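Just below is one structure, and these are the notes that go with it.
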Amino acid sequence: MEDLGTVAWPPEPIRTERLVLREPETRDRAAFIELLASPEVHTYLGGPRARDELERETPEVPERWPGSFVVDLDGSMIGQILLRRATGHRRPAAAGKADLGYLFLPRAWGCGYAAEACAAALGWLAGALPGEPVVLTTQAANFGSMRLAAKLGFTEVERFEAWGAEQWLGMRSPVTPSS
């Protein structure tokens with residue numbers, strides 16, 4: 001994966017009704033470790049990483065690169081939105097397109113935060129890179145992620161086997177301004 005090219009980074013924080021999407025900061029380190037070590041979060045992502053390994057390897061300001069947004073609720077990180085260029089994607093339909101990823105702490109599940117944050121990030125991307133299609137890949141067994149993809153306007157392109165499970169690839173076509 002690569003960054004989004006000509007997009008200026010970091011953008012101003014993106015504010016929604018309840019959330020702020022912002023660049024990672026030092027205060028987010030513990031939440032990043034919790035996110036990456038969570039068995040619940042990584043059920044469909046190959047399993048969690050060891051907490052002691054994360055404690056040693058996570059930098060003071062984690063995940064600070066173009067396309068990585070912290071999802072902040074009331075001053076605390078509850079998740080991460082990732083927007084990257086899918087240059088090395090296994091599926092030709094996705095290669096080179098913007099790719100949306102997201103991770104949320106279990107305590108934030110079921111509250112609509114993922115939909116709100118992803119919609120805001122996609123809105124920002126539409127302004128930064130007009131006409132850019134976006135892809136999303138998730139395990140077909142991850143029903144929550146599949147519902148979120150549909151809510152965000154992703155439609156199925158294909159299903160394929162990878163990492164020992166059926167994967168779902170969806171695409172969200174660019175929004176075109178009406179005349």
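In the structure tokens, each chain is lettered A, B, ... as it comes, each chain's residues begin at 1, and ligands are numbered from 1 in order of appearance.
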Taking only residues of range 90-179 of chain A that have an atom at most 10 Å from an atom of range 65-81 of chain A, what is each one's shortest atom pair and its distance in Å to one decimal, using only C-alpha atoms, in chain and number order, as JSON lines?
{"residue": "A:Ala98", "atom": "CA", "partner": "A:Gly67", "partner_atom": "CA", "distance": 9.9}
{"residue": "A:Asp99", "atom": "CA", "partner": "A:Gly67", "partner_atom": "CA", "distance": 9.8}
{"residue": "A:Leu100", "atom": "CA", "partner": "A:Ile81", "partner_atom": "CA", "distance": 7.3}
{"residue": "A:Gly101", "atom": "CA", "partner": "A:Ile81", "partner_atom": "CA", "distance": 5.9}
{"residue": "A:Tyr102", "atom": "CA", "partner": "A:Ile81", "partner_atom": "CA", "distance": 4.5}
{"residue": "A:Leu103", "atom": "CA", "partner": "A:Gln80", "partner_atom": "CA", "distance": 5.3}
{"residue": "A:Phe104", "atom": "CA", "partner": "A:Gly79", "partner_atom": "CA", "distance": 4.0}
{"residue": "A:Leu105", "atom": "CA", "partner": "A:Ile78", "partner_atom": "CA", "distance": 5.6}
{"residue": "A:Pro106", "atom": "CA", "partner": "A:Ile78", "partner_atom": "CA", "distance": 8.7}
{"residue": "A:Arg107", "atom": "CA", "partner": "A:Ile78", "partner_atom": "CA", "distance": 8.0}
{"residue": "A:Ala108", "atom": "CA", "partner": "A:Ile78", "partner_atom": "CA", "distance": 6.3}
{"residue": "A:Trp109", "atom": "CA", "partner": "A:Ile78", "partner_atom": "CA", "distance": 9.5}
{"residue": "A:Tyr113", "atom": "CA", "partner": "A:Val71", "partner_atom": "CA", "distance": 8.6}
{"residue": "A:Ala114", "atom": "CA", "partner": "A:Gly79", "partner_atom": "CA", "distance": 8.2}
{"residue": "A:Glu116", "atom": "CA", "partner": "A:Val71", "partner_atom": "CA", "distance": 10.0}
{"residue": "A:Ala117", "atom": "CA", "partner": "A:Val71", "partner_atom": "CA", "distance": 6.9}
{"residue": "A:Cys118", "atom": "CA", "partner": "A:Ile81", "partner_atom": "CA", "distance": 6.9}
{"residue": "A:Ala121", "atom": "CA", "partner": "A:Ile81", "partner_atom": "CA", "distance": 7.5}
{"residue": "A:Leu122", "atom": "CA", "partner": "A:Ile81", "partner_atom": "CA", "distance": 10.0}
{"residue": "A:Leu125", "atom": "CA", "partner": "A:Gly67", "partner_atom": "CA", "distance": 9.6}
Checklist line | DSSP helix (DSSP H, G or I) selection over chain A, as a ChimeraX atom specification | finding: /A:26-37,51-57,106-108,113-128,143-151
Notebook entry, point to check: Would you give me, as a list in words, the residues in range 60-143 of chain A that DSSP reads as strand (DSSP E or B)?
Noted result: Ser68, Phe69, Val70, Val71, Asp72, Leu73, Ser76, Met77, Ile78, Gly79, Gln80, Ile81, Leu82, Leu83, Arg84, Arg85, Ala98, Asp99, Leu100, Gly101, Tyr102, Leu103, Phe104, Val134, Val135, Leu136, Thr137, Thr138 and Gln139 of chain A
Just to be explicit: take each residue in the selection above, keep N, CA, C and O atoms, and write the result as a short mmCIF file (atom, residue, chain, number, x, y, z; two decimals), in the first residue's frame.
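result20.cif written:
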data_model
loop_
_atom_site.label_atom_id
_atom_site.label_comp_id
_atom_site.auth_asym_id
_atom_site.auth_seq_id
_atom_site.Cartn_x
_atom_site.Cartn_y
_atom_site.Cartn_z
N SER A 68 -3.83 7.91 7.58
CA SER A 68 -4.19 7.31 8.87
C SER A 68 -4.85 8.35 9.76
O SER A 68 -4.22 9.32 10.17
N PHE A 69 -6.13 8.14 10.02
CA PHE A 69 -6.89 9.02 10.90
C PHE A 69 -7.19 8.31 12.21
O PHE A 69 -7.62 7.15 12.20
N VAL A 70 -7.02 8.97 13.31
CA VAL A 70 -7.54 8.52 14.60
C VAL A 70 -8.99 8.96 14.65
O VAL A 70 -9.33 10.08 14.26
N VAL A 71 -9.85 8.08 15.14
CA VAL A 71 -11.25 8.44 15.39
C VAL A 71 -11.34 8.74 16.88
O VAL A 71 -11.08 7.87 17.72
N ASP A 72 -11.67 9.98 17.18
CA ASP A 72 -11.65 10.50 18.54
C ASP A 72 -13.08 10.77 19.00
O ASP A 72 -13.85 11.44 18.31
N LEU A 73 -13.41 10.25 20.17
CA LEU A 73 -14.70 10.52 20.81
C LEU A 73 -14.42 11.16 22.15
O LEU A 73 -13.77 10.53 23.01
N SER A 76 -10.78 10.91 23.35
CA SER A 76 -10.12 9.60 23.43
C SER A 76 -10.27 8.85 22.12
O SER A 76 -11.33 8.86 21.50
N MET A 77 -9.20 8.16 21.74
CA MET A 77 -9.22 7.35 20.53
C MET A 77 -10.12 6.13 20.72
O MET A 77 -9.98 5.40 21.69
N ILE A 78 -11.04 5.93 19.75
CA ILE A 78 -11.88 4.74 19.76
C ILE A 78 -11.66 3.87 18.52
O ILE A 78 -12.20 2.77 18.43
N GLY A 79 -10.90 4.39 17.56
CA GLY A 79 -10.68 3.63 16.34
C GLY A 79 -9.73 4.32 15.40
O GLY A 79 -9.16 5.37 15.72
N GLN A 80 -9.58 3.70 14.24
CA GLN A 80 -8.67 4.20 13.21
C GLN A 80 -9.32 4.00 11.85
O GLN A 80 -9.92 2.96 11.58
N ILE A 81 -9.19 4.99 11.00
CA ILE A 81 -9.60 4.92 9.60
C ILE A 81 -8.32 4.96 8.78
O ILE A 81 -7.44 5.78 9.03
N LEU A 82 -8.24 4.09 7.79
CA LEU A 82 -7.07 4.03 6.93
C LEU A 82 -7.50 4.25 5.49
O LEU A 82 -8.40 3.56 4.99
N LEU A 83 -6.88 5.19 4.82
CA LEU A 83 -7.07 5.40 3.39
C LEU A 83 -5.70 5.33 2.74
O LEU A 83 -4.82 6.15 3.04
N ARG A 84 -5.52 4.33 1.88
CA ARG A 84 -4.23 4.12 1.21
C ARG A 84 -4.48 3.75 -0.24
O ARG A 84 -5.57 3.30 -0.59
N ARG A 85 -3.47 3.86 -1.04
CA ARG A 85 -3.54 3.44 -2.44
C ARG A 85 -3.25 1.94 -2.48
O ARG A 85 -2.23 1.48 -1.98
N ALA A 98 -7.98 3.84 -4.35
CA ALA A 98 -7.97 4.17 -2.93
C ALA A 98 -8.65 3.02 -2.19
O ALA A 98 -9.64 2.46 -2.65
N ASP A 99 -8.10 2.65 -1.04
CA ASP A 99 -8.58 1.52 -0.26
C ASP A 99 -8.95 2.02 1.14
O ASP A 99 -8.16 2.69 1.80
N LEU A 100 -10.16 1.70 1.58
CA LEU A 100 -10.65 2.09 2.90
C LEU A 100 -10.50 0.93 3.87
O LEU A 100 -10.91 -0.19 3.56
N GLY A 101 -9.92 1.20 5.02
CA GLY A 101 -9.84 0.23 6.10
C GLY A 101 -10.24 0.90 7.40
O GLY A 101 -10.19 2.13 7.51
N TYR A 102 -10.66 0.11 8.37
CA TYR A 102 -11.08 0.68 9.65
C TYR A 102 -10.94 -0.37 10.74
O TYR A 102 -11.09 -1.56 10.50
N LEU A 103 -10.62 0.11 11.92
CA LEU A 103 -10.55 -0.72 13.12
C LEU A 103 -11.15 0.10 14.26
O LEU A 103 -10.81 1.28 14.42
N PHE A 104 -12.01 -0.53 15.05
CA PHE A 104 -12.62 0.15 16.20
C PHE A 104 -12.51 -0.73 17.43
O PHE A 104 -12.63 -1.95 17.33
N VAL A 134 -13.24 4.00 -4.65
CA VAL A 134 -12.66 3.48 -3.42
C VAL A 134 -13.05 2.00 -3.31
O VAL A 134 -14.19 1.64 -3.59
N VAL A 135 -12.09 1.18 -2.88
CA VAL A 135 -12.35 -0.24 -2.66
C VAL A 135 -12.27 -0.56 -1.18
O VAL A 135 -11.68 0.19 -0.40
N LEU A 136 -12.88 -1.69 -0.82
CA LEU A 136 -12.89 -2.17 0.55
C LEU A 136 -12.89 -3.69 0.47
O LEU A 136 -13.65 -4.26 -0.30
N THR A 137 -12.03 -4.33 1.24
CA THR A 137 -11.99 -5.78 1.29
C THR A 137 -12.24 -6.21 2.73
O THR A 137 -11.67 -5.63 3.66
N THR A 138 -13.09 -7.21 2.90
CA THR A 138 -13.37 -7.77 4.22
C THR A 138 -13.66 -9.25 4.08
O THR A 138 -14.01 -9.71 3.00
N GLN A 139 -13.51 -9.97 5.15
CA GLN A 139 -13.92 -11.37 5.13
C GLN A 139 -15.43 -11.43 4.99
O GLN A 139 -16.16 -10.70 5.68
#
Notebook entry, point to check: In Å, how far is it from CA of Pro59 in chain A to CA of Gly96 in chain A?
Noted result: 28.4 Å
When you look at Arg172 in chain A with a cut-off of 9 Å (counting only C-alpha atoms), what residues show up, excluding the ones that are within fewer than 2 positions of it in the same chain? I need them as a PDB file with all heavy atoms, in the first residue's frame.
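Okay, around.pdb is ready:
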ATOM      1  N   PRO A 133     -12.489   6.319  -7.321  1.00  0.00           N
ATOM      2  CA  PRO A 133     -13.226   5.184  -6.781  1.00  0.00           C
ATOM      3  C   PRO A 133     -12.496   4.637  -5.552  1.00  0.00           C
ATOM      4  O   PRO A 133     -11.287   4.782  -5.420  1.00  0.00           O
ATOM      5  CB  PRO A 133     -13.222   4.168  -7.924  1.00  0.00           C
ATOM      6  CG  PRO A 133     -12.067   4.537  -8.771  1.00  0.00           C
ATOM      7  CD  PRO A 133     -11.821   6.011  -8.564  1.00  0.00           C
ATOM      8  N   VAL A 134     -13.239   4.003  -4.649  1.00  0.00           N
ATOM      9  CA  VAL A 134     -12.665   3.479  -3.416  1.00  0.00           C
ATOM     10  C   VAL A 134     -13.051   2.004  -3.307  1.00  0.00           C
ATOM     11  O   VAL A 134     -14.185   1.636  -3.592  1.00  0.00           O
ATOM     12  CB  VAL A 134     -13.176   4.253  -2.184  1.00  0.00           C
ATOM     13  CG1 VAL A 134     -12.550   3.726  -0.903  1.00  0.00           C
ATOM     14  CG2 VAL A 134     -12.909   5.745  -2.338  1.00  0.00           C
ATOM     15  N   VAL A 135     -12.088   1.179  -2.879  1.00  0.00           N
ATOM     16  CA  VAL A 135     -12.351  -0.241  -2.659  1.00  0.00           C
ATOM     17  C   VAL A 135     -12.270  -0.558  -1.178  1.00  0.00           C
ATOM     18  O   VAL A 135     -11.677   0.188  -0.401  1.00  0.00           O
ATOM     19  CB  VAL A 135     -11.379  -1.149  -3.453  1.00  0.00           C
ATOM     20  CG1 VAL A 135     -11.579  -0.960  -4.947  1.00  0.00           C
ATOM     21  CG2 VAL A 135      -9.939  -0.919  -3.057  1.00  0.00           C
ATOM     22  N   LEU A 136     -12.885  -1.688  -0.825  1.00  0.00           N
ATOM     23  CA  LEU A 136     -12.887  -2.170   0.546  1.00  0.00           C
ATOM     24  C   LEU A 136     -12.890  -3.692   0.467  1.00  0.00           C
ATOM     25  O   LEU A 136     -13.650  -4.263  -0.304  1.00  0.00           O
ATOM     26  CB  LEU A 136     -14.149  -1.658   1.235  1.00  0.00           C
ATOM     27  CG  LEU A 136     -14.402  -2.004   2.692  1.00  0.00           C
ATOM     28  CD1 LEU A 136     -15.299  -0.947   3.302  1.00  0.00           C
ATOM     29  CD2 LEU A 136     -15.000  -3.362   2.880  1.00  0.00           C
ATOM     30  N   ALA A 149     -20.160  -1.797   4.903  1.00  0.00           N
ATOM     31  CA  ALA A 149     -19.803  -1.554   3.499  1.00  0.00           C
ATOM     32  C   ALA A 149     -21.051  -1.198   2.689  1.00  0.00           C
ATOM     33  O   ALA A 149     -21.033  -0.238   1.892  1.00  0.00           O
ATOM     34  CB  ALA A 149     -19.094  -2.775   2.922  1.00  0.00           C
ATOM     35  N   LEU A 152     -22.300   2.272   3.469  1.00  0.00           N
ATOM     36  CA  LEU A 152     -21.426   3.307   2.906  1.00  0.00           C
ATOM     37  C   LEU A 152     -21.508   3.393   1.383  1.00  0.00           C
ATOM     38  O   LEU A 152     -20.860   4.244   0.774  1.00  0.00           O
ATOM     39  CB  LEU A 152     -19.976   3.053   3.328  1.00  0.00           C
ATOM     40  CG  LEU A 152     -19.689   3.210   4.823  1.00  0.00           C
ATOM     41  CD1 LEU A 152     -18.292   2.695   5.148  1.00  0.00           C
ATOM     42  CD2 LEU A 152     -19.862   4.657   5.265  1.00  0.00           C
ATOM     43  N   GLY A 153     -22.261   2.489   0.762  1.00  0.00           N
ATOM     44  CA  GLY A 153     -22.434   2.551  -0.689  1.00  0.00           C
ATOM     45  C   GLY A 153     -21.496   1.672  -1.497  1.00  0.00           C
ATOM     46  O   GLY A 153     -21.391   1.837  -2.713  1.00  0.00           O
ATOM     47  N   PHE A 154     -20.833   0.723  -0.836  1.00  0.00           N
ATOM     48  CA  PHE A 154     -19.962  -0.208  -1.568  1.00  0.00           C
ATOM     49  C   PHE A 154     -20.819  -1.323  -2.146  1.00  0.00           C
ATOM     50  O   PHE A 154     -21.730  -1.816  -1.478  1.00  0.00           O
ATOM     51  CB  PHE A 154     -18.893  -0.801  -0.636  1.00  0.00           C
ATOM     52  CG  PHE A 154     -17.809   0.169  -0.292  1.00  0.00           C
ATOM     53  CD1 PHE A 154     -17.964   1.065   0.760  1.00  0.00           C
ATOM     54  CD2 PHE A 154     -16.628   0.195  -1.019  1.00  0.00           C
ATOM     55  CE1 PHE A 154     -16.964   1.970   1.078  1.00  0.00           C
ATOM     56  CE2 PHE A 154     -15.627   1.096  -0.700  1.00  0.00           C
ATOM     57  CZ  PHE A 154     -15.789   1.989   0.342  1.00  0.00           C
ATOM     58  N   THR A 155     -20.528  -1.712  -3.380  1.00  0.00           N
ATOM     59  CA  THR A 155     -21.211  -2.832  -4.008  1.00  0.00           C
ATOM     60  C   THR A 155     -20.191  -3.900  -4.349  1.00  0.00           C
ATOM     61  O   THR A 155     -19.028  -3.609  -4.639  1.00  0.00           O
ATOM     62  CB  THR A 155     -21.970  -2.407  -5.269  1.00  0.00           C
ATOM     63  OG1 THR A 155     -21.059  -1.791  -6.176  1.00  0.00           O
ATOM     64  CG2 THR A 155     -23.095  -1.429  -4.941  1.00  0.00           C
ATOM     65  N   GLY A 170     -15.476  -4.951  -2.421  1.00  0.00           N
ATOM     66  CA  GLY A 170     -16.506  -4.015  -2.842  1.00  0.00           C
ATOM     67  C   GLY A 170     -15.893  -2.739  -3.364  1.00  0.00           C
ATOM     68  O   GLY A 170     -14.740  -2.417  -3.072  1.00  0.00           O
ATOM     69  N   PRO A 174     -17.160   6.809  -7.644  1.00  0.00           N
ATOM     70  CA  PRO A 174     -17.069   8.220  -7.272  1.00  0.00           C
ATOM     71  C   PRO A 174     -18.407   8.919  -7.426  1.00  0.00           C
ATOM     72  O   PRO A 174     -19.203   8.573  -8.289  1.00  0.00           O
ATOM     73  CB  PRO A 174     -16.030   8.784  -8.249  1.00  0.00           C
ATOM     74  CG  PRO A 174     -15.912   7.792  -9.343  1.00  0.00           C
ATOM     75  CD  PRO A 174     -16.377   6.480  -8.816  1.00  0.00           C
ATOM     76  N   VAL A 175     -18.627   9.866  -6.556  1.00  0.00           N
ATOM     77  CA  VAL A 175     -19.840  10.679  -6.629  1.00  0.00           C
ATOM     78  C   VAL A 175     -19.606  11.734  -7.684  1.00  0.00           C
ATOM     79  O   VAL A 175     -18.584  12.425  -7.676  1.00  0.00           O
ATOM     80  CB  VAL A 175     -20.126  11.336  -5.250  1.00  0.00           C
ATOM     81  CG1 VAL A 175     -21.335  12.235  -5.315  1.00  0.00           C
ATOM     82  CG2 VAL A 175     -20.272  10.262  -4.182  1.00  0.00           C
TER      83      VAL A 175
END
